[in-house]
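Raw final-v8.cif, mmCIF, C-alpha atoms:
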```cif
data_work
loop_
_atom_site.label_atom_id
_atom_site.label_comp_id
_atom_site.auth_asym_id
_atom_site.auth_seq_id
_atom_site.Cartn_x
_atom_site.Cartn_y
_atom_site.Cartn_z
CA MET Q 17 -9.02 -7.55 -26.26
CA HIS Q 18 -7.79 -7.07 -22.76
CA THR Q 19 -4.15 -7.40 -22.08
CA ALA Q 20 -2.97 -9.89 -19.55
CA ALA Q 21 -1.04 -7.19 -17.70
CA GLY Q 22 -3.04 -5.83 -14.83
CA VAL Q 23 -5.00 -9.05 -14.46
CA GLU Q 24 -2.36 -11.77 -14.16
CA ALA Q 25 -0.67 -11.79 -10.80
CA ARG Q 26 0.79 -14.01 -8.12
CA LEU Q 27 0.31 -12.43 -4.74
CA PRO Q 28 1.65 -13.87 -1.50
CA ILE Q 29 -0.75 -14.10 1.43
CA ARG Q 30 1.24 -13.91 4.61
CA SER Q 31 -0.28 -11.12 6.68
CA ASP Q 32 -3.33 -8.89 7.09
CA MET Q 33 -1.60 -6.33 4.89
CA ASP Q 34 -1.45 -8.87 2.03
CA LEU Q 35 -5.23 -9.24 2.21
CA VAL Q 36 -5.47 -5.55 1.36
CA TRP Q 37 -3.29 -6.18 -1.70
CA VAL Q 38 -5.40 -9.14 -2.75
CA ARG Q 39 -8.62 -7.14 -2.50
CA GLN Q 40 -7.17 -4.19 -4.39
CA HIS Q 41 -5.78 -6.38 -7.13
CA VAL Q 42 -9.02 -8.32 -7.60
CA ARG Q 43 -11.01 -5.09 -7.72
CA GLN Q 44 -8.67 -3.61 -10.35
CA ALA Q 45 -8.54 -6.78 -12.41
CA ALA Q 46 -12.32 -7.18 -12.32
CA ALA Q 47 -12.84 -3.57 -13.34
CA LEU Q 48 -10.32 -4.01 -16.15
CA LEU Q 49 -12.14 -7.05 -17.52
CA GLY Q 50 -15.41 -5.14 -17.54
CA PHE Q 51 -17.21 -6.58 -14.52
CA GLY Q 52 -20.06 -4.43 -13.25
CA LEU Q 53 -19.96 -2.86 -9.83
CA VAL Q 54 -22.04 -5.57 -8.17
CA ASP Q 55 -19.96 -8.39 -9.64
CA GLN Q 56 -16.75 -6.56 -8.74
CA THR Q 57 -17.94 -6.30 -5.16
CA LYS Q 58 -18.91 -9.98 -5.10
CA LEU Q 59 -15.54 -11.06 -6.46
CA VAL Q 60 -13.63 -8.86 -4.06
CA THR Q 61 -15.66 -10.16 -1.14
CA ALA Q 62 -15.17 -13.78 -2.22
CA ALA Q 63 -11.43 -13.15 -2.62
CA SER Q 64 -11.34 -11.55 0.80
CA GLU Q 65 -13.01 -14.58 2.41
CA LEU Q 66 -10.81 -17.10 0.60
CA ALA Q 67 -7.60 -15.16 1.18
CA ARG Q 68 -8.41 -14.94 4.86
CA ASN Q 69 -9.00 -18.70 4.96
CA THR Q 70 -5.62 -19.18 3.31
CA LEU Q 71 -4.02 -16.96 5.93
CA VAL Q 72 -5.88 -18.09 9.06
CA HIS Q 73 -6.45 -21.80 8.39
CA GLY Q 74 -3.73 -22.53 5.84
CA GLY Q 75 -1.01 -20.57 7.60
CA GLY Q 76 -0.42 -18.38 4.57
CA GLY Q 77 -0.11 -19.12 0.89
CA LEU Q 78 -0.57 -17.63 -2.51
CA MET Q 79 -3.24 -16.15 -4.73
CA GLU Q 80 -2.97 -16.40 -8.49
CA ALA Q 81 -5.19 -14.31 -10.70
CA SER Q 82 -5.64 -15.04 -14.39
CA HIS Q 83 -7.75 -14.02 -17.33
CA VAL Q 84 -9.71 -16.90 -18.81
CA GLY Q 85 -12.10 -17.28 -21.67
CA SER Q 86 -12.16 -16.44 -25.34
CA SER Q 87 -14.41 -15.26 -28.16
CA GLY Q 88 -15.91 -12.35 -26.32
CA VAL Q 89 -16.47 -14.05 -22.98
CA ASP Q 90 -14.06 -12.85 -20.38
CA GLY Q 91 -13.61 -14.39 -17.00
CA LEU Q 92 -11.45 -13.89 -13.97
CA ARG Q 93 -10.00 -16.94 -12.30
CA LEU Q 94 -8.56 -16.75 -8.80
CA THR Q 95 -6.62 -19.61 -7.27
CA PHE Q 96 -5.85 -19.66 -3.57
CA SER Q 97 -3.39 -22.25 -2.43
CA ASP Q 98 -1.77 -23.09 0.86
CA THR Q 99 0.21 -25.97 2.28
CA GLY Q 100 -1.57 -25.96 5.61
CA PRO Q 101 -3.38 -28.78 7.45
CA GLY Q 102 -6.05 -29.11 4.74
CA ILE Q 103 -9.77 -29.72 5.18
CA ALA Q 104 -10.83 -33.08 6.54
CA ASP Q 105 -14.57 -32.80 5.87
CA LEU Q 106 -15.26 -30.66 2.84
CA ASP Q 107 -19.04 -30.88 3.00
CA ARG Q 108 -18.99 -29.74 6.58
CA ALA Q 109 -16.54 -26.90 5.83
CA LEU Q 110 -18.82 -25.69 3.06
CA SER Q 111 -21.92 -25.69 5.22
CA ASP Q 112 -22.99 -22.37 6.66
CA GLY Q 113 -22.25 -21.73 10.27
CA TYR Q 114 -19.55 -24.35 10.64
CA THR Q 115 -16.23 -22.88 11.69
CA SER Q 116 -12.98 -24.32 12.93
CA GLY Q 117 -11.87 -20.88 14.11
CA ASP Q 118 -13.89 -18.19 15.82
CA GLY Q 119 -15.45 -16.67 12.70
CA LEU Q 120 -19.03 -16.76 11.56
CA GLY Q 121 -18.50 -19.87 9.46
CA MET Q 122 -19.80 -18.19 6.35
CA GLY Q 123 -16.52 -17.76 4.50
CA LEU Q 124 -16.18 -20.83 2.28
CA GLY Q 125 -19.87 -21.42 1.62
CA GLY Q 126 -20.48 -17.71 1.18
CA ALA Q 127 -17.63 -17.37 -1.28
CA ARG Q 128 -19.11 -20.25 -3.30
CA ARG Q 129 -22.35 -18.32 -3.68
CA LEU Q 130 -20.52 -15.18 -4.78
CA VAL Q 131 -18.83 -16.70 -7.84
CA HIS Q 132 -19.91 -18.68 -10.88
CA ASP Q 133 -17.51 -21.61 -10.61
CA PHE Q 134 -16.12 -22.92 -7.38
CA HIS Q 135 -13.65 -25.75 -7.05
CA VAL Q 136 -11.86 -26.88 -3.94
CA GLU Q 137 -9.19 -29.52 -3.56
CA SER Q 138 -8.00 -30.53 -0.18
CA ALA Q 139 -6.89 -33.45 1.91
CA PRO Q 140 -5.70 -33.58 5.50
CA GLY Q 141 -2.04 -32.65 5.61
CA LYS Q 142 -1.91 -31.82 1.90
CA GLY Q 143 -2.94 -28.21 1.97
CA THR Q 144 -5.90 -26.61 0.27
CA THR Q 145 -6.41 -25.15 -3.18
CA VAL Q 146 -9.54 -23.19 -3.96
CA ARG Q 147 -10.18 -22.11 -7.53
CA VAL Q 148 -12.99 -19.71 -8.32
CA THR Q 149 -14.03 -18.26 -11.67
CA SER Q 150 -16.54 -15.58 -12.56
CA TRP Q 151 -17.61 -14.49 -16.03
CA VAL Q 152 -18.37 -11.03 -17.20
CA ARG Q 153 -22.06 -10.92 -17.99
CA ARG Q 154 -22.46 -9.18 -21.29
CA PRO Q 155 -25.64 -7.98 -22.92
CA PRO Q 156 -26.82 -10.94 -25.09
CA ARG Q 157 -26.62 -9.01 -28.36
CA ALA Q 158 -23.02 -7.93 -27.82
CA GLY Q 159 -21.34 -11.16 -26.74
CA GLY Q 160 -23.76 -13.80 -27.92
CA ALA Q 161 -22.65 -16.22 -25.25
CA VAL Q 162 -23.08 -15.95 -21.52
CA MET J 30 48.17 23.91 -11.18
CA PRO J 31 51.79 24.73 -10.29
CA GLU J 32 51.19 24.92 -6.53
CA HIS J 33 49.82 21.38 -6.61
CA GLU J 34 52.85 20.01 -8.29
CA SER J 35 55.21 21.37 -5.68
CA ALA J 36 53.22 19.90 -2.80
CA GLY J 37 52.03 16.80 -4.63
CA ALA J 38 54.78 14.43 -3.71
CA LEU J 39 54.43 15.04 0.02
CA GLU J 40 50.67 14.89 0.29
CA SER J 41 48.66 11.97 1.61
CA PRO J 42 46.65 10.11 -1.07
CA THR J 43 43.47 11.51 0.47
CA HIS J 44 44.62 15.06 -0.03
CA ALA J 45 45.84 14.22 -3.50
CA VAL J 46 42.31 13.01 -4.30
CA ARG J 47 40.93 16.19 -2.77
CA ASP J 48 43.18 18.31 -4.99
CA PHE J 49 42.29 16.23 -8.00
CA LEU J 50 38.57 16.68 -7.29
CA ARG J 51 38.94 20.43 -6.98
CA ARG J 52 41.12 20.66 -10.08
CA ARG J 53 38.85 18.53 -12.26
CA ARG J 54 35.56 19.75 -10.78
CA GLU J 55 34.27 21.00 -14.10
CA GLN J 56 35.22 17.91 -16.13
CA ILE J 57 33.81 15.47 -13.58
CA ALA J 58 30.54 17.37 -13.43
CA GLN J 59 30.38 17.43 -17.24
CA ARG J 60 30.85 13.66 -17.45
CA TRP J 61 28.35 12.96 -14.71
CA ALA J 62 25.81 15.08 -16.52
CA ASP J 63 25.84 12.42 -19.25
CA GLU J 64 25.21 9.58 -16.81
CA PRO J 65 21.61 8.27 -16.58
CA LEU J 66 21.30 9.26 -12.93
CA PHE J 67 21.85 12.93 -13.75
CA ARG J 68 20.50 12.99 -17.28
CA THR J 69 17.10 11.62 -16.31
CA VAL J 70 16.69 13.60 -13.11
CA PHE J 71 17.73 17.05 -14.32
CA THR J 72 15.73 17.21 -17.47
CA VAL J 73 15.28 20.96 -17.76
CA SER J 74 18.78 21.74 -18.91
CA ARG J 75 22.20 20.19 -19.02
CA ASP J 76 23.60 23.14 -17.05
CA GLU J 77 21.36 22.19 -14.19
CA ALA J 78 22.82 18.68 -14.17
CA VAL J 79 26.35 20.08 -14.34
CA GLU J 80 25.67 22.40 -11.41
CA ALA J 81 24.30 19.52 -9.38
CA GLY J 82 27.35 17.49 -10.31
CA LYS J 83 29.65 20.29 -9.13
CA LEU J 84 27.90 20.42 -5.77
CA LEU J 85 28.49 16.70 -5.43
CA VAL J 86 32.17 17.04 -6.35
CA ASP J 87 32.54 19.88 -3.81
CA ALA J 88 31.01 17.69 -1.13
CA LEU J 89 33.40 14.83 -1.97
CA ALA J 90 36.37 17.22 -1.89
CA GLN J 91 35.28 18.54 1.49
CA VAL J 92 35.02 15.02 2.88
CA ALA J 93 38.47 14.17 1.51
CA ASP J 94 39.79 17.39 3.01
CA ALA J 95 38.53 16.29 6.43
CA GLU J 96 40.22 12.89 5.90
CA ARG J 97 36.91 11.12 6.50
CA VAL J 98 36.49 9.20 3.24
CA GLU J 99 35.05 6.17 5.08
CA ASP J 100 32.60 8.10 7.23
CA PRO J 101 29.03 8.47 5.89
CA ASP J 102 28.36 11.01 8.65
CA ALA J 103 31.14 13.35 7.48
CA ALA J 104 30.07 16.97 7.45
CA GLY J 105 30.65 17.31 3.72
CA PHE J 106 27.84 14.88 2.88
CA THR J 107 25.25 16.84 4.86
CA GLU J 108 24.89 19.45 2.16
CA VAL J 109 24.24 16.98 -0.65
CA ARG J 110 21.93 14.66 1.26
CA GLU J 111 18.86 16.52 0.12
CA GLN J 112 20.01 16.50 -3.49
CA LEU J 113 20.82 12.79 -3.33
CA ALA J 114 17.42 12.12 -1.82
CA ARG J 115 15.74 14.05 -4.62
CA MET J 116 17.68 12.19 -7.28
CA GLY J 117 16.98 8.81 -5.69
CA ALA J 118 13.30 9.62 -5.28
CA ALA J 119 13.03 10.72 -8.91
CA ARG J 120 14.58 7.45 -10.12
CA THR J 121 12.34 5.38 -7.84
CA ARG J 122 9.31 7.24 -9.16
CA ALA J 123 10.47 6.39 -12.67
CA GLY J 124 10.07 2.74 -11.69
CA LEU J 125 13.63 1.73 -10.82
CA SER J 126 14.28 -0.70 -8.01
CA THR J 127 16.67 0.12 -5.20
CA THR J 128 19.23 -2.18 -6.77
CA GLN J 129 19.01 -0.35 -10.09
CA VAL J 130 19.39 3.05 -8.41
CA SER J 131 22.40 1.70 -6.55
CA ALA J 132 23.89 0.50 -9.84
CA GLU J 133 23.38 3.93 -11.36
CA LEU J 134 25.19 5.48 -8.42
CA ALA J 135 28.00 2.99 -8.86
CA ALA J 136 28.25 4.02 -12.51
CA LEU J 137 29.36 7.48 -11.35
CA THR J 138 32.67 6.05 -10.17
CA ARG J 139 34.06 5.00 -13.54
CA PRO J 140 34.31 8.47 -15.20
CA VAL J 141 36.04 9.92 -12.14
CA GLU J 142 38.47 7.04 -11.96
CA ASN J 143 39.35 7.45 -15.63
CA LEU J 144 40.05 11.13 -15.07
CA LEU J 145 42.15 10.37 -12.01
CA VAL J 146 44.24 7.82 -13.83
CA ALA J 147 44.78 10.23 -16.73
CA ASP J 148 45.62 13.01 -14.32
CA LEU J 149 48.17 11.15 -12.25
CA GLU J 150 49.84 9.35 -15.13
CA GLN J 151 53.19 10.84 -14.26
CA GLU J 152 53.03 9.69 -10.65
CA PRO J 153 54.62 6.42 -9.49
CA SER J 154 52.24 3.51 -9.99
CA GLU J 155 52.18 2.77 -6.26
CA ARG J 156 50.93 6.24 -5.49
CA LEU J 157 48.43 6.11 -8.35
CA ARG J 158 47.04 2.90 -6.90
CA ALA J 159 46.78 4.44 -3.44
CA CYS J 160 44.92 7.43 -4.85
CA ALA J 161 42.58 5.23 -6.89
CA THR J 162 41.80 3.13 -3.83
CA THR J 163 41.03 6.24 -1.79
CA LEU J 164 38.78 7.50 -4.54
CA SER J 165 36.79 4.28 -4.79
CA VAL J 166 36.39 4.18 -1.01
CA LEU J 167 35.10 7.74 -1.17
CA MET J 168 32.67 6.91 -3.98
CA GLY J 169 31.52 3.84 -2.07
CA THR J 170 30.77 5.99 0.94
CA LEU J 171 28.82 8.37 -1.30
CA ARG J 172 26.72 5.44 -2.48
CA LEU J 173 26.11 4.42 1.10
CA VAL J 174 25.05 7.95 1.99
CA ALA J 175 22.63 8.03 -0.94
CA MET J 176 21.06 4.69 -0.02
CA GLN J 177 20.85 5.70 3.63
CA THR J 178 19.12 8.90 2.65
CA ALA J 179 16.64 7.03 0.47
CA LEU J 180 15.83 4.59 3.27
CA THR J 181 15.38 7.43 5.76
CA GLU J 182 13.00 9.13 3.34
CA VAL J 183 10.93 5.99 2.91
CA GLN J 184 10.83 5.39 6.65
CA ALA J 185 9.77 8.98 7.27
CA LEU J 186 7.01 8.62 4.68
CA ILE J 187 5.73 5.43 6.28
CA ASP J 188 5.75 7.02 9.74
CA ARG J 189 3.88 10.05 8.43
CA GLN J 190 1.27 7.93 6.69
CA ARG J 191 0.78 5.74 9.72
CA LEU J 192 0.06 8.83 11.80
CA GLN J 193 -2.33 10.14 9.16
CA LEU J 194 -4.14 6.81 9.10
CA LEU J 195 -4.63 6.81 12.85
CA GLU J 196 -5.92 10.34 12.66
CA VAL J 197 -8.59 9.50 10.11
CA ALA J 198 -9.39 6.23 11.80
CA THR J 199 -12.39 6.92 13.98
CA PRO J 200 -13.87 10.30 14.65
CA VAL J 201 -17.04 10.11 16.71
CA ILE J 202 -19.48 12.83 15.71
CA LYS J 203 -22.29 14.05 17.90
CA LEU J 204 -25.24 14.59 15.56
CA TRP J 205 -27.87 15.47 18.13
CA ASP J 206 -28.44 15.20 21.83
CA GLY J 207 -28.25 11.49 22.43
CA ILE J 208 -27.18 10.57 18.88
CA VAL J 209 -23.56 9.86 17.90
CA ALA J 210 -22.21 8.70 14.55
CA VAL J 211 -18.98 7.00 13.47
CA PRO J 212 -18.14 7.21 9.78
CA LEU J 213 -16.00 4.16 8.99
CA ILE J 214 -13.43 4.60 6.25
CA GLY J 215 -11.26 2.00 4.55
CA THR J 216 -10.33 -1.49 5.61
CA LEU J 217 -11.80 -2.73 8.87
CA ASP J 218 -9.18 -5.16 10.11
CA SER J 219 -9.31 -6.56 13.60
CA ALA J 220 -7.06 -3.90 15.13
CA ARG J 221 -9.03 -1.02 13.65
CA SER J 222 -12.44 -2.41 14.45
CA GLN J 223 -11.26 -2.80 18.04
CA VAL J 224 -10.43 0.92 18.06
CA VAL J 225 -13.82 1.69 16.51
CA MET J 226 -15.63 -0.29 19.16
CA GLU J 227 -13.71 1.35 22.01
CA THR J 228 -14.18 4.91 20.79
CA LEU J 229 -17.85 4.30 20.06
CA LEU J 230 -18.55 2.80 23.49
CA ASN J 231 -16.67 5.65 25.17
CA ALA J 232 -18.71 8.16 23.18
CA VAL J 233 -21.92 6.41 24.20
CA VAL J 234 -20.94 6.91 27.84
CA ASP J 235 -19.59 10.45 27.49
CA GLN J 236 -22.44 11.79 25.39
CA HIS J 237 -25.19 9.83 27.14
CA ALA J 238 -26.08 8.59 23.69
CA ARG J 239 -29.22 6.53 23.17
CA PHE J 240 -28.43 6.01 19.50
CA ALA J 241 -25.17 5.25 17.73
CA ILE J 242 -24.93 5.29 13.94
CA LEU J 243 -22.19 3.26 12.23
CA ASP J 244 -21.85 4.59 8.70
CA ILE J 245 -20.07 2.17 6.34
CA THR J 246 -20.25 4.29 3.18
CA GLY J 247 -16.43 4.40 3.15
CA VAL J 248 -15.89 0.68 3.69
CA PRO J 249 -15.15 -0.87 0.27
CA THR J 250 -15.65 -4.52 1.22
CA VAL J 251 -18.01 -6.06 3.75
CA ASP J 252 -17.04 -9.69 4.18
CA SER J 253 -17.95 -12.03 6.99
CA LEU J 254 -15.19 -10.74 9.26
CA VAL J 255 -16.23 -7.11 8.84
CA ALA J 256 -19.86 -8.13 9.42
CA GLN J 257 -18.81 -9.98 12.53
CA HIS J 258 -17.02 -6.90 13.84
CA LEU J 259 -20.08 -4.78 13.13
CA MET J 260 -22.38 -7.19 14.92
CA LYS J 261 -20.08 -7.36 17.94
CA THR J 262 -19.98 -3.57 18.13
CA VAL J 263 -23.76 -3.40 17.87
CA ALA J 264 -24.15 -6.01 20.60
CA ALA J 265 -21.72 -4.21 22.90
CA ALA J 266 -23.48 -0.87 22.38
CA ARG J 267 -26.81 -2.52 23.11
CA LEU J 268 -25.45 -3.82 26.42
CA MET J 269 -24.70 -0.22 27.30
CA GLY J 270 -28.21 0.88 26.56
CA ALA J 271 -27.61 2.40 23.14
CA GLU J 272 -29.30 1.29 19.95
CA CYS J 273 -27.02 0.96 16.94
CA VAL J 274 -28.01 1.76 13.38
CA VAL J 275 -25.75 0.71 10.50
CA SER J 276 -26.06 3.09 7.56
CA GLY J 277 -24.43 3.60 4.20
CA ILE J 278 -25.11 0.14 2.81
CA ARG J 279 -24.70 0.51 -0.94
CA PRO J 280 -26.68 -1.62 -3.40
CA ALA J 281 -23.64 -3.71 -4.39
CA ILE J 282 -22.75 -4.33 -0.74
CA ALA J 283 -26.36 -5.27 0.08
CA GLN J 284 -26.46 -7.88 -2.71
CA THR J 285 -23.10 -9.25 -1.67
CA ILE J 286 -24.19 -9.61 1.95
CA VAL J 287 -27.28 -11.54 0.83
CA HIS J 288 -25.26 -13.90 -1.39
CA LEU J 289 -22.68 -14.36 1.30
CA GLY J 290 -25.52 -15.56 3.50
CA LEU J 291 -24.87 -13.14 6.33
CA ASP J 292 -27.85 -12.54 8.59
CA LEU J 293 -27.88 -8.94 9.70
CA GLY J 294 -31.48 -9.32 10.84
CA THR J 295 -30.61 -8.36 14.39
CA VAL J 296 -29.03 -5.12 13.25
CA LYS J 297 -31.05 -2.03 12.42
CA THR J 298 -29.90 -0.81 9.00
CA ARG J 299 -30.62 2.19 6.82
CA ALA J 300 -29.48 3.06 3.31
CA SER J 301 -28.03 6.48 4.10
CA LEU J 302 -26.79 8.44 7.08
CA ALA J 303 -29.69 10.89 6.62
CA ASP J 304 -32.21 8.04 6.86
CA ALA J 305 -30.50 6.75 9.96
CA LEU J 306 -30.56 10.18 11.59
CA GLY J 307 -34.22 10.59 10.68
CA TYR J 308 -35.00 7.23 12.26
CA CYS J 309 -33.10 8.09 15.46
CA LEU J 310 -34.75 11.50 15.77
CA HIS J 311 -38.14 9.92 15.31
CA GLU J 312 -37.39 7.34 17.98
CA LEU J 313 -36.22 10.09 20.34
CA GLY J 314 -39.54 11.84 19.79
CA ALA J 315 -37.95 14.87 18.16
CA ASN J 316 -39.97 16.44 15.38
CA ILE J 317 -38.45 18.22 12.42
CA VAL J 318 -40.74 21.12 11.57
CA ASN J 319 -40.38 23.00 8.32
CA ALA J 320 -39.58 26.68 9.00
CA ALA J 321 -41.77 28.03 6.18
CA PRO J 322 -45.25 28.87 7.57
CA ASP J 323 -47.00 27.53 4.50
CA GLY J 324 -44.65 24.59 4.14
CA PRO J 325 -45.69 20.98 4.30
CA GLY J 326 -45.48 21.04 8.08
CA ARG J 327 -44.23 18.32 10.36
CA ARG J 328 -42.81 15.14 9.05
#
```
For the structure just supplied, provide its representation as structure tokens.
Amino acid sequence: MHTAAGVEARLPIRSDMDLVWVRQHVRQAAALLGFGLVDQTKLVTAASELARNTLVHGGGGLMEASHVGSSGVDGLRLTFSDTGPGIADLDRALSDGYTSGDGLGMGLGGARRLVHDFHVESAPGKGTTVRVTSWVRRPPRAGGAV
Amino acid sequence: MPEHESAGALESPTHAVRDFLRRRREQIAQRWADEPLFRTVFTVSRDEAVEAGKLLVDALAQVADAERVEDPDAAGFTEVREQLARMGAARTRAGLSTTQVSAELAALTRPVENLLVADLEQEPSERLRACATTLSVLMGTLRLVAMQTALTEVQALIDRQRLQLLEVATPVIKLWDGIVAVPLIGTLDSARSQVVMETLLNAVVDQHARFAILDITGVPTVDSLVAQHLMKTVAAARLMGAECVVSGIRPAIAQTIVHLGLDLGTVKTRASLADALGYCLHELGANIVNAAPDGPGRR
């Protein structure tokens, strides 16, 4: 089995430089867990979007990476949390093209499409926590479960 | 030894420490060679560690001789700075934190102090205390010098890398009359994409380019911000009369862009730089003709 080292991490998100760390860590962790190149790229891109949200809208925060799953099914869970202003209208924030900054408005909704599980918790003034999980897709005969 | 004894009583504590260092040079170096800082850095032979230790003792003696035990800029330290930097760097590479390296440096003081106390046993306790104080000040300064050197090294490395990064940032390559290309490498943050846009637009003007190729083969992640930067650059180039082609979109990136929901429909894209160049040449009306007379002919 995979060791937790190299996957588990708590990375601060306080500057553009930290986004580089986040991307590098997610890429390494995903590769370590056996994600294919396409899924690695999807995860890294989702992490990049979410980490930037944490930085730009949440005023900085934290990313936690962890290895989830058992019995041959490995997954990577990434949790982005900040203590910023929070999201007042989640449905609106998740819709494509809506932005409170000057971006394209694809970040949150796009990230949701790039991962298998997507969970967001937020309330105005309470900060935002986004938890995403993706599973390594194994050939059916090897893992049995997908 | 006799000449020291005659002068000993009249000397300042600093000079007494200097004499002690010179007298016990060999023993100090031998004991330091057993300390982790030396033992792990000079792994080839113990003699090597002892020699390095002697150089350090000589430097300390020279500083004491100049009566500058509190001065990290004393001339004596200059000669061992490089050695200290090498030792510090080796320990850092081995995974030690700055604090741990500092602790290892501090551990060098104890063996010397023990030797000093043993050496000056006969002296009045007041003088022994003065000498010990001088010695620990001197060792403290040595630690400071070592940490300073390490910090300077790190700073120099960062400065060098920053320069290197700027150098590789954005070369604009003229591929053909009227066609320029920018190979983008690494992370496209806002500051860098601004530089890319400026150099590209300048090249469009300078080279009278009708086509500009942005090659993203070297960009590991294309998220919405990177896409936004690309689209802005394309739009700006279009305003200047140049058509932009984005090339080097790898399969994984293409799938990610689709899932992300980004619409690059307004941007002309090609899989590889060669395809992009072929497209531009075709649009310019240039024909590539095979040189072989019986070859397949024009494309």
Need to verify the contact set: Asp304 in chain J, 10 Å, all atoms listed in the file, exclusion of same-chain residues closer than 6 positions in sequence. Can you return it as a PDB file with C-alpha atoms, in the coordinates of the input?
```pdb
ATOM      1  CA  VAL J 274     -28.010   1.760  13.380  1.00  0.00           C
ATOM      2  CA  SER J 276     -26.060   3.090   7.560  1.00  0.00           C
ATOM      3  CA  GLY J 277     -24.430   3.600   4.200  1.00  0.00           C
ATOM      4  CA  THR J 298     -29.900  -0.810   9.000  1.00  0.00           C
ATOM      5  CA  LEU J 310     -34.750  11.500  15.770  1.00  0.00           C
TER       6      LEU J 310
END
```
Result set, the PyMOL selection byres ((chain Q) within 6 of (chain J)) on current file, as JSON, numbers by chain:
{"Q": [54, 58, 61, 126, 129, 130]}
Could you write out that same residue set with C-alpha atoms as a CSV table (one decimal), in the frame of the given file?
```
chain,number,residue,atom,x,y,z
Q,54,VAL,CA,-22.0,-5.6,-8.2
Q,58,LYS,CA,-18.9,-10.0,-5.1
Q,61,THR,CA,-15.7,-10.2,-1.1
Q,126,GLY,CA,-20.5,-17.7,1.2
Q,129,ARG,CA,-22.4,-18.3,-3.7
Q,130,LEU,CA,-20.5,-15.2,-4.8
```
Between CA of Asp244 in chain J and CA of Lys203 in chain J - distance in Å to one decimal
13.2 Å
To test your reading of the syntax: which residues would the PyMOL selection byres ((chain Q and resi 42-51) around 10) return for the file shown? Reply as a PyMOL selection string.
(chain Q and resi 17-25+37-41+52-64+81-83+89-94+150-154) or (chain J and resi 249)
Determine the residue set returned by the PyMOL selection byres ((chain J and resi 53-56) around 9) for the present structure, and present it as a PyMOL selection string.
chain J and resi 48-52+57-61+79+82-83+86-87+141+144-145+148
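Of note, CA of Gly141 in chain Q and CA of Gly76 in chain Q are spaced 14.4 Å apart.
Residue nearest Ala139 in chain Q, chosen from Q:Glu65, Q:Glu80, Q:Asp98, Q:Asp34 and counting all atoms listed in the file: Q:Asp98.
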Long-range neighbours of Ala62 in chain J as a VMD selection string, 6 Å cut-off, all atoms listed in the file, 5 positions minimum in chain
chain J and resid 67 to 68 78 to 79
Selection near Val225 in chain J, 12 Å with all atoms listed in the file, sequence-local residues under 6 positions removed, as a PDB file with C-alpha atoms, in the coordinates of the input:
```pdb
ATOM      1  CA  LEU J 195      -4.630   6.810  12.850  1.00  0.00           C
ATOM      2  CA  VAL J 197      -8.590   9.500  10.110  1.00  0.00           C
ATOM      3  CA  ALA J 198      -9.390   6.230  11.800  1.00  0.00           C
ATOM      4  CA  THR J 199     -12.390   6.920  13.980  1.00  0.00           C
ATOM      5  CA  PRO J 200     -13.870  10.300  14.650  1.00  0.00           C
ATOM      6  CA  VAL J 201     -17.040  10.110  16.710  1.00  0.00           C
ATOM      7  CA  ALA J 210     -22.210   8.700  14.550  1.00  0.00           C
ATOM      8  CA  VAL J 211     -18.980   7.000  13.470  1.00  0.00           C
ATOM      9  CA  PRO J 212     -18.140   7.210   9.780  1.00  0.00           C
ATOM     10  CA  LEU J 213     -16.000   4.160   8.990  1.00  0.00           C
ATOM     11  CA  ILE J 214     -13.430   4.600   6.250  1.00  0.00           C
ATOM     12  CA  THR J 216     -10.330  -1.490   5.610  1.00  0.00           C
ATOM     13  CA  LEU J 217     -11.800  -2.730   8.870  1.00  0.00           C
ATOM     14  CA  ASP J 218      -9.180  -5.160  10.110  1.00  0.00           C
ATOM     15  CA  SER J 219      -9.310  -6.560  13.600  1.00  0.00           C
ATOM     16  CA  ASN J 231     -16.670   5.650  25.170  1.00  0.00           C
ATOM     17  CA  ALA J 232     -18.710   8.160  23.180  1.00  0.00           C
ATOM     18  CA  ALA J 241     -25.170   5.250  17.730  1.00  0.00           C
ATOM     19  CA  ILE J 242     -24.930   5.290  13.940  1.00  0.00           C
ATOM     20  CA  LEU J 243     -22.190   3.260  12.230  1.00  0.00           C
ATOM     21  CA  ASP J 244     -21.850   4.590   8.700  1.00  0.00           C
ATOM     22  CA  ILE J 245     -20.070   2.170   6.340  1.00  0.00           C
ATOM     23  CA  VAL J 255     -16.230  -7.110   8.840  1.00  0.00           C
ATOM     24  CA  HIS J 258     -17.020  -6.900  13.840  1.00  0.00           C
ATOM     25  CA  LEU J 259     -20.080  -4.780  13.130  1.00  0.00           C
ATOM     26  CA  LYS J 261     -20.080  -7.360  17.940  1.00  0.00           C
ATOM     27  CA  THR J 262     -19.980  -3.570  18.130  1.00  0.00           C
ATOM     28  CA  VAL J 263     -23.760  -3.400  17.870  1.00  0.00           C
ATOM     29  CA  ALA J 265     -21.720  -4.210  22.900  1.00  0.00           C
ATOM     30  CA  ALA J 266     -23.480  -0.870  22.380  1.00  0.00           C
TER      31      ALA J 266
END
```
Tell me which protein, DNA and RNA residues are within 8 Å of Gly74 in chain Q, counting only C-alpha atoms, leaving out same-chain ones fewer than 4 positions away, and put them as an MDAnalysis selection string.
chainID Q and resid 69:70 98:102 143:144
State, in Å with one decimal place, the distance from CA of Leu268 in chain J to CA of Val233 in chain J.
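Distance reported for this atom pair: 11.0 Å.
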